[in-house]
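Visitor: Hey, dropping entry.txt in here, compact mmCIF, C-alpha atoms:
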# COMPACT_ATOMS: atom_id res chain seq x y z
CA MET O 5 -36.09 -5.67 -35.26
CA GLU O 6 -39.56 -7.18 -35.70
CA PRO O 7 -40.28 -10.54 -34.02
CA SER O 8 -40.38 -13.65 -36.16
CA PRO O 9 -43.88 -14.42 -37.42
CA GLY O 10 -43.57 -17.99 -36.10
CA PRO O 11 -45.04 -21.14 -37.64
CA ARG O 12 -48.34 -20.95 -39.49
CA PRO O 13 -51.28 -22.25 -37.45
CA HIS O 14 -52.69 -25.63 -38.50
CA ARG O 15 -55.73 -24.80 -40.65
CA VAL O 16 -58.95 -26.67 -39.89
CA VAL O 17 -61.67 -26.26 -42.51
CA VAL O 18 -65.19 -27.25 -41.50
CA LEU O 19 -67.42 -28.28 -44.40
CA ALA O 20 -70.96 -26.96 -43.86
CA LEU O 21 -73.60 -28.93 -45.79
CA ASP O 22 -77.32 -28.22 -46.08
CA GLY O 23 -79.26 -29.84 -43.26
CA LEU O 24 -76.32 -29.57 -40.88
CA LEU O 25 -76.74 -29.68 -37.11
CA PRO O 26 -75.67 -26.31 -35.64
CA PHE O 27 -74.39 -27.94 -32.45
CA GLU O 28 -71.99 -30.19 -34.36
CA LEU O 29 -70.90 -27.36 -36.65
CA GLY O 30 -69.77 -25.43 -33.58
CA ILE O 31 -67.71 -28.26 -32.05
CA PRO O 32 -64.54 -27.83 -34.18
CA HIS O 33 -64.63 -24.06 -33.68
CA ARG O 34 -64.93 -24.44 -29.93
CA ILE O 35 -62.24 -27.11 -29.51
CA PHE O 36 -59.67 -26.07 -32.13
CA GLY O 37 -60.24 -22.37 -31.52
CA ARG O 38 -58.91 -22.58 -27.96
CA PRO O 39 -55.36 -24.04 -27.99
CA LYS O 40 -52.43 -21.63 -27.84
CA GLY O 41 -48.69 -22.19 -27.90
CA PRO O 42 -46.18 -21.05 -25.24
CA ASP O 43 -45.94 -17.68 -27.01
CA GLY O 44 -49.72 -17.17 -26.84
CA ARG O 45 -50.24 -17.65 -30.56
CA PRO O 46 -53.16 -19.82 -31.74
CA LEU O 47 -52.15 -23.35 -32.68
CA TYR O 48 -55.07 -23.69 -35.09
CA GLU O 49 -56.99 -21.51 -37.51
CA VAL O 50 -60.60 -22.60 -38.03
CA VAL O 51 -62.70 -21.56 -41.03
CA THR O 52 -66.02 -22.77 -42.41
CA CYS O 53 -66.76 -23.36 -46.08
CA SER O 54 -69.64 -24.51 -48.23
CA VAL O 55 -69.84 -26.58 -51.41
CA ARG O 56 -71.20 -23.45 -53.12
CA PRO O 57 -70.02 -19.85 -53.39
CA PRO O 58 -70.36 -17.82 -50.16
CA GLY O 59 -73.95 -17.57 -48.99
CA PRO O 60 -76.58 -19.14 -46.72
CA VAL O 61 -76.54 -22.81 -45.74
CA GLU O 62 -79.71 -24.41 -44.37
CA THR O 63 -79.63 -26.15 -41.00
CA ASP O 64 -81.96 -28.65 -39.34
CA ALA O 65 -83.13 -25.80 -37.07
CA ASP O 66 -85.37 -22.84 -37.91
CA PHE O 67 -82.48 -20.70 -39.14
CA ALA O 68 -79.79 -20.71 -41.80
CA ILE O 69 -76.14 -19.70 -41.39
CA GLN O 70 -74.14 -17.38 -43.60
CA VAL O 71 -70.93 -19.05 -44.80
CA GLU O 72 -68.24 -16.73 -46.10
CA HIS O 73 -66.01 -19.26 -47.89
CA GLY O 74 -66.58 -21.42 -50.95
CA PRO O 75 -65.28 -24.91 -51.82
CA GLN O 76 -61.88 -23.63 -52.97
CA THR O 77 -61.06 -23.16 -49.29
CA LEU O 78 -60.74 -26.94 -48.96
CA ALA O 79 -57.48 -26.68 -50.92
CA THR O 80 -55.96 -24.67 -48.03
CA ALA O 81 -56.85 -27.19 -45.30
CA ASP O 82 -54.48 -29.20 -43.15
CA THR O 83 -57.51 -30.90 -41.57
CA VAL O 84 -61.07 -31.07 -42.88
CA VAL O 85 -63.96 -31.81 -40.52
CA VAL O 86 -67.35 -32.89 -41.92
CA PRO O 87 -70.14 -32.47 -39.33
CA ALA O 88 -73.46 -34.30 -39.57
CA SER O 89 -76.18 -33.39 -42.01
CA TYR O 90 -79.70 -34.73 -42.41
CA GLU O 91 -80.01 -33.75 -46.07
CA LEU O 92 -77.35 -35.73 -47.90
CA GLY O 93 -79.72 -37.02 -50.58
CA PRO O 94 -77.99 -39.55 -52.88
CA VAL O 95 -75.16 -39.96 -50.36
CA PHE O 96 -77.63 -41.44 -47.86
CA GLU O 97 -79.83 -43.25 -50.33
CA GLU O 98 -77.37 -44.67 -52.86
CA GLY O 99 -73.92 -44.07 -51.38
CA VAL O 100 -72.85 -41.71 -54.17
CA LEU O 101 -71.75 -38.09 -54.11
CA THR O 102 -73.71 -35.30 -55.75
CA GLU O 103 -71.83 -33.50 -58.55
CA GLU O 104 -71.62 -30.43 -56.33
CA LEU O 105 -70.08 -32.33 -53.42
CA ALA O 106 -67.71 -34.28 -55.66
CA ALA O 107 -66.48 -31.05 -57.25
CA ALA O 108 -65.90 -29.54 -53.81
CA LEU O 109 -63.93 -32.53 -52.52
CA ALA O 110 -61.76 -32.47 -55.64
CA HIS O 111 -60.07 -29.40 -54.11
CA LEU O 112 -58.56 -31.48 -51.30
CA ARG O 113 -54.79 -31.76 -51.33
CA PRO O 114 -53.13 -35.18 -50.91
CA GLY O 115 -52.25 -35.80 -47.28
CA THR O 116 -55.04 -33.67 -45.83
CA ARG O 117 -56.27 -35.12 -42.55
CA LEU O 118 -59.99 -35.94 -42.73
CA ALA O 119 -62.47 -36.26 -39.88
CA SER O 120 -66.21 -36.74 -39.62
CA ILE O 121 -68.78 -36.28 -36.88
CA CYS O 122 -71.79 -38.61 -36.85
CA THR O 123 -73.38 -38.89 -40.33
CA GLY O 124 -70.62 -36.79 -41.87
CA VAL O 125 -68.95 -40.17 -42.30
CA TYR O 126 -71.23 -40.86 -45.29
CA VAL O 127 -69.48 -38.09 -47.22
CA LEU O 128 -66.05 -39.60 -46.59
CA ALA O 129 -67.38 -43.07 -47.41
CA ALA O 130 -69.03 -42.03 -50.68
CA ALA O 131 -65.81 -40.29 -51.72
CA GLY O 132 -63.90 -43.57 -51.24
CA PHE O 133 -61.71 -42.36 -48.39
CA LEU O 134 -62.82 -45.19 -46.09
CA ASP O 135 -62.53 -48.18 -48.41
CA GLY O 136 -60.78 -51.00 -46.57
CA ARG O 137 -60.54 -48.97 -43.38
CA PRO O 138 -62.21 -48.97 -39.95
CA ALA O 139 -64.82 -46.31 -39.18
CA THR O 140 -67.75 -45.52 -36.92
CA THR O 141 -70.85 -43.36 -36.83
CA HIS O 142 -73.90 -42.93 -34.61
CA TRP O 143 -75.09 -46.38 -33.55
CA ALA O 144 -78.50 -45.78 -35.16
CA ASP O 145 -76.86 -45.28 -38.59
CA ALA O 146 -74.17 -47.95 -38.42
CA ALA O 147 -76.16 -50.72 -40.11
CA ARG O 148 -77.08 -48.52 -43.07
CA LEU O 149 -73.48 -47.33 -43.39
CA GLN O 150 -72.26 -50.92 -43.52
CA ARG O 151 -74.95 -51.91 -46.03
CA LEU O 152 -74.18 -49.02 -48.39
CA PHE O 153 -70.41 -49.36 -48.06
CA PRO O 154 -69.52 -53.03 -47.50
CA ARG O 155 -65.79 -52.35 -47.96
CA ILE O 156 -65.70 -50.36 -44.71
CA ASP O 157 -65.10 -52.09 -41.38
CA VAL O 158 -67.87 -50.37 -39.42
CA ASP O 159 -67.67 -50.52 -35.62
CA PRO O 160 -71.05 -49.42 -34.21
CA ASP O 161 -69.99 -49.52 -30.58
CA VAL O 162 -67.10 -47.07 -30.15
CA LEU O 163 -67.00 -43.30 -29.64
CA PHE O 164 -64.45 -42.67 -32.37
CA VAL O 165 -61.93 -44.40 -34.60
CA ASP O 166 -58.49 -42.98 -35.33
CA ASP O 167 -57.01 -44.54 -38.47
CA GLY O 168 -54.17 -42.09 -38.84
CA ASP O 169 -55.10 -39.58 -41.56
CA VAL O 170 -58.82 -40.41 -41.45
CA LEU O 171 -60.83 -40.20 -38.22
CA THR O 172 -64.54 -40.80 -37.64
CA SER O 173 -66.79 -40.35 -34.62
CA ALA O 174 -70.22 -41.24 -33.34
CA GLY O 175 -72.86 -38.57 -32.81
CA VAL O 176 -72.93 -35.21 -31.06
CA ALA O 177 -70.81 -35.40 -27.86
CA ALA O 178 -68.49 -37.98 -29.45
CA GLY O 179 -67.50 -35.20 -31.85
CA ILE O 180 -66.10 -33.31 -28.87
CA ASP O 181 -64.15 -36.42 -27.84
CA LEU O 182 -62.75 -36.77 -31.36
CA CYS O 183 -61.66 -33.14 -31.65
CA LEU O 184 -60.03 -33.24 -28.20
CA HIS O 185 -58.29 -36.45 -29.26
CA MET O 186 -56.85 -34.70 -32.32
CA VAL O 187 -55.60 -31.81 -30.17
CA ARG O 188 -54.05 -34.34 -27.79
CA ARG O 189 -52.46 -36.19 -30.70
CA ASP O 190 -51.09 -32.97 -32.17
CA HIS O 191 -49.92 -31.16 -29.04
CA GLY O 192 -50.11 -33.48 -26.05
CA THR O 193 -52.24 -34.10 -22.99
CA ALA O 194 -51.58 -30.79 -21.22
CA VAL O 195 -52.88 -28.69 -24.11
CA ALA O 196 -55.93 -30.92 -24.63
CA ASN O 197 -56.73 -30.93 -20.91
CA GLU O 198 -56.64 -27.15 -20.80
CA VAL O 199 -59.07 -26.96 -23.71
CA ALA O 200 -61.36 -29.47 -21.98
CA ARG O 201 -61.20 -27.53 -18.71
CA ARG O 202 -62.18 -24.28 -20.42
CA THR O 203 -64.96 -26.07 -22.30
CA VAL O 204 -66.12 -27.77 -19.07
CA VAL O 205 -66.12 -31.28 -20.56
CA PRO O 206 -64.31 -34.47 -19.49
CA PRO O 207 -60.67 -34.23 -20.62
CA HIS O 208 -60.60 -37.72 -22.04
CA ARG O 209 -63.03 -40.43 -23.07
CA ASP O 210 -61.21 -43.21 -24.83
CA GLY O 211 -62.24 -43.87 -28.41
CA GLY O 212 -62.99 -47.47 -27.59
CA GLN O 213 -65.53 -46.58 -24.93
CA ALA O 214 -69.05 -47.77 -25.71
CA GLN O 215 -71.40 -45.33 -27.45
CA TYR O 216 -74.43 -46.59 -25.62
CA ILE O 217 -74.02 -47.22 -21.90
CA GLU O 218 -76.88 -49.19 -20.41
CA ARG O 219 -77.08 -47.24 -17.16
CA PRO O 220 -75.28 -43.86 -17.52
CA VAL O 221 -77.36 -42.34 -14.71
CA PRO O 222 -78.09 -44.71 -11.82
CA HIS O 223 -81.56 -44.94 -10.38
CA PRO O 224 -81.99 -42.92 -7.18
CA GLN O 225 -80.68 -44.66 -4.07
CA GLN O 226 -79.01 -47.36 -6.18
CA ALA O 227 -75.39 -48.28 -5.47
CA THR O 228 -72.93 -47.12 -8.15
CA THR O 229 -69.26 -47.62 -8.94
CA THR O 230 -68.41 -43.90 -8.76
CA GLY O 231 -66.71 -44.09 -5.39
CA ALA O 232 -64.58 -47.04 -6.41
CA ARG O 233 -63.42 -45.23 -9.53
CA ALA O 234 -62.44 -42.14 -7.54
CA TRP O 235 -60.63 -44.35 -5.02
CA ALA O 236 -58.72 -46.14 -7.80
CA LEU O 237 -57.71 -42.91 -9.53
CA GLY O 238 -55.99 -41.78 -6.36
CA ARG O 239 -54.02 -45.04 -6.18
CA LEU O 240 -52.98 -45.78 -9.75
CA HIS O 241 -49.39 -46.21 -8.57
CA GLU O 242 -50.45 -49.10 -6.32
CA PRO O 243 -51.60 -52.63 -7.22
CA ILE O 244 -55.40 -52.48 -7.45
CA GLN O 245 -57.43 -55.65 -7.26
CA LEU O 246 -60.94 -56.01 -8.59
CA ARG O 247 -62.09 -57.37 -5.24
CA ASP O 248 -60.79 -54.22 -3.52
CA MET O 249 -62.78 -51.98 -5.85
CA ALA O 250 -65.90 -54.10 -5.31
CA ALA O 251 -65.42 -53.94 -1.54
CA ARG O 252 -65.40 -50.12 -1.69
CA GLU O 253 -69.00 -50.31 -2.90
CA SER O 254 -69.97 -53.28 -0.70
CA MET O 255 -70.69 -55.41 -3.77
CA SER O 256 -69.68 -58.87 -4.84
CA VAL O 257 -67.08 -58.96 -7.61
CA ARG O 258 -69.68 -60.27 -10.04
CA THR O 259 -72.23 -57.55 -9.25
CA PHE O 260 -69.59 -54.83 -9.27
CA THR O 261 -68.23 -55.93 -12.66
CA ARG O 262 -71.71 -55.97 -14.18
CA ARG O 263 -72.62 -52.57 -12.72
CA PHE O 264 -69.26 -51.08 -13.74
CA ARG O 265 -69.75 -52.12 -17.35
CA GLU O 266 -73.32 -50.79 -17.33
CA GLU O 267 -72.13 -47.39 -16.07
CA VAL O 268 -68.80 -46.98 -17.87
CA GLY O 269 -69.12 -49.15 -20.96
CA VAL O 270 -65.92 -51.15 -20.42
CA SER O 271 -64.66 -53.66 -17.85
CA PRO O 272 -62.86 -52.47 -14.69
CA GLY O 273 -59.61 -53.91 -16.02
CA GLN O 274 -59.86 -52.07 -19.33
CA TRP O 275 -60.74 -48.84 -17.53
CA LEU O 276 -57.76 -49.13 -15.17
CA THR O 277 -55.36 -49.72 -18.05
CA ARG O 278 -56.66 -46.67 -19.90
CA GLN O 279 -56.33 -44.46 -16.80
CA ARG O 280 -52.77 -45.65 -16.34
CA VAL O 281 -51.93 -44.93 -19.96
CA GLU O 282 -53.27 -41.39 -19.52
CA ARG O 283 -51.27 -40.99 -16.31
CA ALA O 284 -48.11 -42.16 -18.08
CA ARG O 285 -48.72 -39.75 -20.97
CA HIS O 286 -49.09 -36.86 -18.55
CA LEU O 287 -45.88 -37.73 -16.69
CA LEU O 288 -43.89 -38.26 -19.88
CA GLU O 289 -45.00 -34.86 -21.18
CA SER O 290 -44.77 -32.78 -18.02
CA THR O 291 -41.91 -34.22 -15.94
CA GLY O 292 -38.31 -35.30 -16.30
CA LEU O 293 -38.87 -38.56 -14.42
CA SER O 294 -37.10 -41.58 -15.82
CA VAL O 295 -39.13 -44.06 -17.83
CA ASP O 296 -38.76 -46.57 -14.98
CA GLN O 297 -40.14 -44.06 -12.47
CA VAL O 298 -43.02 -43.09 -14.78
CA ALA O 299 -43.89 -46.77 -15.12
CA ARG O 300 -43.98 -47.16 -11.33
CA ASP O 301 -45.97 -43.94 -10.73
CA ALA O 302 -48.52 -44.87 -13.40
CA GLY O 303 -49.00 -48.31 -11.90
CA PHE O 304 -47.43 -50.41 -14.66
CA GLY O 305 -44.68 -51.66 -12.36
CA THR O 306 -41.97 -52.03 -14.99
CA ALA O 307 -40.83 -50.05 -17.99
CA GLN O 308 -41.36 -53.10 -20.19
CA SER O 309 -45.00 -53.39 -19.14
CA MET O 310 -45.59 -49.68 -19.77
CA ARG O 311 -43.84 -49.92 -23.13
CA GLN O 312 -46.15 -52.72 -24.21
CA HIS O 313 -49.29 -50.85 -23.14
CA LEU O 314 -48.28 -47.55 -24.78
CA GLN O 315 -47.27 -49.36 -27.95
CA ALA O 316 -50.68 -51.05 -28.06
CA ALA O 317 -52.64 -47.86 -27.30
CA LEU O 318 -50.62 -45.20 -29.13
CA GLY O 319 -48.32 -47.03 -31.53
CA VAL O 320 -45.18 -45.50 -30.00
CA THR O 321 -42.69 -46.26 -27.23
CA PRO O 322 -42.50 -44.09 -24.08
CA THR O 323 -39.20 -42.60 -25.24
CA ALA O 324 -40.58 -41.69 -28.66
CA TYR O 325 -43.72 -40.22 -27.08
CA ARG O 326 -41.67 -38.02 -24.73
CA ARG O 327 -39.40 -36.90 -27.58
CA THR O 328 -42.45 -35.81 -29.57
CA PHE O 329 -44.01 -33.66 -26.86
CA ARG O 330 -40.96 -32.36 -24.97
CA THR O 331 -38.91 -30.59 -27.63
CA GLU O 332 -37.03 -27.43 -26.75
CA ALA O 333 -38.93 -25.45 -29.35
CA GLY O 334 -42.24 -26.62 -27.98
CA ASP O 335 -43.29 -27.92 -31.37
CA ALA O 336 -45.11 -31.22 -31.57
CA ALA O 337 -45.30 -33.64 -34.46
CA PRO O 338 -48.34 -35.89 -34.76
CA VAL O 339 -48.14 -39.15 -32.84
CA PRO O 340 -49.06 -42.22 -34.88
CA SER O 341 -52.19 -43.57 -33.26
CA ARG O 342 -54.58 -46.44 -33.71
CA LEU O 343 -56.90 -45.80 -30.82
CA ARG O 344 -60.13 -47.72 -31.41
Please, can you express the file's structure as structure tokens?
Guide:
Amino acid sequence: MEPSPGPRPHRVVVLALDGLLPFELGIPHRIFGRPKGPDGRPLYEVVTCSVRPPGPVETDADFAIQVEHGPQTLATADTVVVPASYELGPVFEEGVLTEELAAALAHLRPGTRLASICTGVYVLAAAGFLDGRPATTHWADAARLQRLFPRIDVDPDVLFVDDGDVLTSAGVAAGIDLCLHMVRRDHGTAVANEVARRTVVPPHRDGGQAQYIERPVPHPQQATTTGARAWALGRLHEPIQLRDMAARESMSVRTFTRRFREEVGVSPGQWLTRQRVERARHLLESTGLSVDQVARDAGFGTAQSMRQHLQAALGVTPTAYRRTFRTEAGDAAPVPSRLR
């Protein structure tokens, strides 16, 4: 008797446009091409298509790429990712789609999840998918995006915005963060962390983290907050006071807070809460600990406190989150999320 073929992998279609950035084109293939289920089968299938019949697509480098799929492939997508392009013509200048691009997007099925990396957001905006919704792009393009599309709530400061079925990210590396976030949303922290480990990138940078950090690399011989962060991560289950973190670096609370924000992009309190949310997610997915015990081990103290923080960050309760990612079949339904 032949084994069951199993569920069909989630199909991610990457839309390659002239003037695309090869680095960003490769991000979805690298991130979504890695995850596998308990049976070793790929969780995603990734294909690339063009707005034209199969053929070459120009890049912003000194080479073109050969794309084997035409626009009809968009009709087969569960998720469509639009990487950045520097040659969007009327989309950039007037906020309108070309006939060719409009015809391609007409193949999309209702309910298809849409995502953009950097200036790929202009395509989603011009198609009307972002009207009345929050979105982001590279900080250098945010003002123009807002001017061309005043109905969009543009946030120029964050790494990515998850608005359910439409997700947008800032430039380059933020595209990695966005794709890892989608894997985490689809299949949980453990799967996303394994992909990050194999890709040798940080497993999680919150979508609300600042795009531009004033001092990402400290000057030589200058005190940093790195040691305090490492110290706090090893003690998330304990009460952690700001003055204790500052003392680890021999700084005043005021200096430490300023330096922390310069280096990380958020306040120490915001950072601690996000680390505890991630710790709680991991424990809910990977252990059978009670919700009360998870709350204590993650540093929230009480189940009620953890429930409030997970509801704010993920839009679900701890029990619902665990039910999603700890089914007997190993299948995972998407978690409603509004991470900003």
Visitor: Identify which of the residues O:Arg34, O:His111, O:Arg155, O:Arg283 lies closest to Val187 in chain O, counting all atoms listed in the file when measuring atom-to-atom distances.
Guide: O:Arg34
Visitor: List every residue of range 68-179 of chain O that has an atom at most 12 Å from any atom of range 42-53 of chain O, and for each one report the closest atom pair and its distance in Å to one decimal, counting only C-alpha atoms, with rows sorted by chain and then by increasing residue number, as JSON lines.
Guide:
{"residue": "O:Ile69", "atom": "CA", "partner": "O:Thr52", "partner_atom": "CA", "distance": 10.6}
{"residue": "O:Gln70", "atom": "CA", "partner": "O:Cys53", "partner_atom": "CA", "distance": 9.8}
{"residue": "O:Val71", "atom": "CA", "partner": "O:Cys53", "partner_atom": "CA", "distance": 6.1}
{"residue": "O:Glu72", "atom": "CA", "partner": "O:Cys53", "partner_atom": "CA", "distance": 6.8}
{"residue": "O:His73", "atom": "CA", "partner": "O:Cys53", "partner_atom": "CA", "distance": 4.5}
{"residue": "O:Gly74", "atom": "CA", "partner": "O:Cys53", "partner_atom": "CA", "distance": 5.2}
{"residue": "O:Pro75", "atom": "CA", "partner": "O:Cys53", "partner_atom": "CA", "distance": 6.1}
{"residue": "O:Gln76", "atom": "CA", "partner": "O:Cys53", "partner_atom": "CA", "distance": 8.4}
{"residue": "O:Thr77", "atom": "CA", "partner": "O:Cys53", "partner_atom": "CA", "distance": 6.5}
{"residue": "O:Leu78", "atom": "CA", "partner": "O:Cys53", "partner_atom": "CA", "distance": 7.6}
{"residue": "O:Ala79", "atom": "CA", "partner": "O:Cys53", "partner_atom": "CA", "distance": 11.0}
{"residue": "O:Thr80", "atom": "CA", "partner": "O:Val51", "partner_atom": "CA", "distance": 10.2}
{"residue": "O:Ala81", "atom": "CA", "partner": "O:Val51", "partner_atom": "CA", "distance": 9.2}
{"residue": "O:Asp82", "atom": "CA", "partner": "O:Tyr48", "partner_atom": "CA", "distance": 9.8}
{"residue": "O:Thr83", "atom": "CA", "partner": "O:Val50", "partner_atom": "CA", "distance": 9.5}
{"residue": "O:Val84", "atom": "CA", "partner": "O:Thr52", "partner_atom": "CA", "distance": 9.7}
{"residue": "O:Val85", "atom": "CA", "partner": "O:Thr52", "partner_atom": "CA", "distance": 9.5}
{"residue": "O:Val86", "atom": "CA", "partner": "O:Thr52", "partner_atom": "CA", "distance": 10.2}
{"residue": "O:Pro87", "atom": "CA", "partner": "O:Thr52", "partner_atom": "CA", "distance": 11.0}
{"residue": "O:Ala108", "atom": "CA", "partner": "O:Cys53", "partner_atom": "CA", "distance": 9.9}
{"residue": "O:Leu109", "atom": "CA", "partner": "O:Cys53", "partner_atom": "CA", "distance": 11.6}
Visitor: Suppose we keep C-alpha atoms; can you now write the selection as a compact mmCIF listing (two decimals), keeping the file's coordinate frame?
Guide:
# COMPACT_ATOMS: atom_id res chain seq x y z
CA ILE O 69 -76.14 -19.70 -41.39
CA GLN O 70 -74.14 -17.38 -43.60
CA VAL O 71 -70.93 -19.05 -44.80
CA GLU O 72 -68.24 -16.73 -46.10
CA HIS O 73 -66.01 -19.26 -47.89
CA GLY O 74 -66.58 -21.42 -50.95
CA PRO O 75 -65.28 -24.91 -51.82
CA GLN O 76 -61.88 -23.63 -52.97
CA THR O 77 -61.06 -23.16 -49.29
CA LEU O 78 -60.74 -26.94 -48.96
CA ALA O 79 -57.48 -26.68 -50.92
CA THR O 80 -55.96 -24.67 -48.03
CA ALA O 81 -56.85 -27.19 -45.30
CA ASP O 82 -54.48 -29.20 -43.15
CA THR O 83 -57.51 -30.90 -41.57
CA VAL O 84 -61.07 -31.07 -42.88
CA VAL O 85 -63.96 -31.81 -40.52
CA VAL O 86 -67.35 -32.89 -41.92
CA PRO O 87 -70.14 -32.47 -39.33
CA ALA O 108 -65.90 -29.54 -53.81
CA LEU O 109 -63.93 -32.53 -52.52
Visitor: Which of these residues is nearest to Leu287 in chain O, using all atoms listed in the file: O:Phe260, O:Trp275, O:Phe27, O:Phe329?
Guide: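 Using all atoms listed in the file, Leu287 in chain O sits closest to O:Phe329.
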Visitor: Of the candidates O:Met310, O:Gly303, O:Arg280, O:Val95, which shows the shortest atom-to-atom distance to Gly132 in chain O, using all atoms listed in the file?
Guide: O:Val95
Visitor: For a quick check of understanding, using all atoms listed in the file, which of O:Trp143, O:Val162, O:His14, O:Gly93 has the smallest distance to Gly37 in chain O?
Guide: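 Residue with the minimum atom-to-atom distance to Gly37 in chain O: O:His14.
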Visitor: Find the distance between CA of Val199 in chain O and CA of Glu266 in chain O and write it in Å to one decimal.
Guide: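 So the two atoms, CA of Val199 in chain O and CA of Glu266 in chain O, lie 28.5 Å apart.
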Visitor: Between CA of Asp301 in chain O and CA of Leu240 in chain O, what distance in Å does the model show, to one decimal?
Guide: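 The value is 7.3 Å.
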Visitor: Quick one: distance from CA of Phe96 in chain O to CA of Ile180 in chain O in Å, one decimal?
Guide: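 These atoms are spaced 23.7 Å apart.
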Visitor: From the options O:Leu288, O:Thr259, O:Gln308, O:Arg233, which residue's atoms come nearest to Pro272 in chain O, counting all atoms listed in the file?
Guide: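 Going through O:Leu288, O:Thr259, O:Gln308, O:Arg233 one by one, the smallest distance to Pro272 in chain O is for O:Arg233.
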Visitor: For Leu182 in chain O, work out the shell of residues within 8 Å, counting all atoms listed in the file and skipping chain neighbours fewer than 6 positions away, then give it as a PyMOL selection string.
Guide: chain O and resi 163-164+171-173+211
Visitor: Go through O:Gly319, O:Pro154, O:Gly305, O:Gly30 and flag the residue nearest Ala88 in chain O, using only C-alpha atoms for the distances.
Guide: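 Looking at the shortest contact to Ala88 in chain O, the residue is O:Gly30.
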Visitor: Compute the distance from (-68.5, -31.7, -35.4) to each atom, counting all atoms listed in the file, keep the residues with any atom at most 6 Å away, and return them as number ranges by chain; use the coordinates of the file.
Guide: O: 28-29, 31-32, 87, 121, 179
Visitor: Residues around (-75.9, -43.6, -38.4), cut-off 10 Å, counting only C-alpha atoms - what are they as a ChimeraX atom specification?
Guide: /O:88,96,122-126,140-150,160,174-175
Visitor: Just want the 12 Å neighbourhood of Pro26 in chain O, counted on all atoms listed in the file, with same-chain residues fewer than 6 positions away dropped. Output as a VMD selection string.
Guide: chain O and resid 20 32 to 33 61 to 69 87 to 90 176
Visitor: Got time to write the residues from that selection, C-alpha atoms, as a JSON list (two decimals), in the frame of the given file?
Guide:
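Final output, saved to again04.json:
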[["chain", "number", "residue", "atom", "x", "y", "z"],
["O", 20, "ALA", "CA", -70.96, -26.96, -43.86],
["O", 32, "PRO", "CA", -64.54, -27.83, -34.18],
["O", 33, "HIS", "CA", -64.63, -24.06, -33.68],
["O", 61, "VAL", "CA", -76.54, -22.81, -45.74],
["O", 62, "GLU", "CA", -79.71, -24.41, -44.37],
["O", 63, "THR", "CA", -79.63, -26.15, -41.00],
["O", 64, "ASP", "CA", -81.96, -28.65, -39.34],
["O", 65, "ALA", "CA", -83.13, -25.80, -37.07],
["O", 66, "ASP", "CA", -85.37, -22.84, -37.91],
["O", 67, "PHE", "CA", -82.48, -20.70, -39.14],
["O", 68, "ALA", "CA", -79.79, -20.71, -41.80],
["O", 69, "ILE", "CA", -76.14, -19.70, -41.39],
["O", 87, "PRO", "CA", -70.14, -32.47, -39.33],
["O", 88, "ALA", "CA", -73.46, -34.30, -39.57],
["O", 89, "SER", "CA", -76.18, -33.39, -42.01],
["O", 90, "TYR", "CA", -79.70, -34.73, -42.41],
["O", 176, "VAL", "CA", -72.93, -35.21, -31.06]]
Visitor: What's around range 296-299 of chain O at 12 Å? Count only C-alpha atoms, leave out sequence neighbours fewer than 6 positions away in its own chain, and write the answer as number ranges by chain.
Guide: O: 240-242, 280-290, 305-314, 322-323, 326
Visitor: Padding 3 Å on every side, please: axis-aligned box over the listed atoms of range 61-73 of chain O, centre and edge lengths to one decimal in Å, as JSON.
Guide:
{"center_x": -75.7, "center_y": -22.7, "center_z": -42.5, "size_x": 25.4, "size_y": 17.9, "size_z": 16.8}
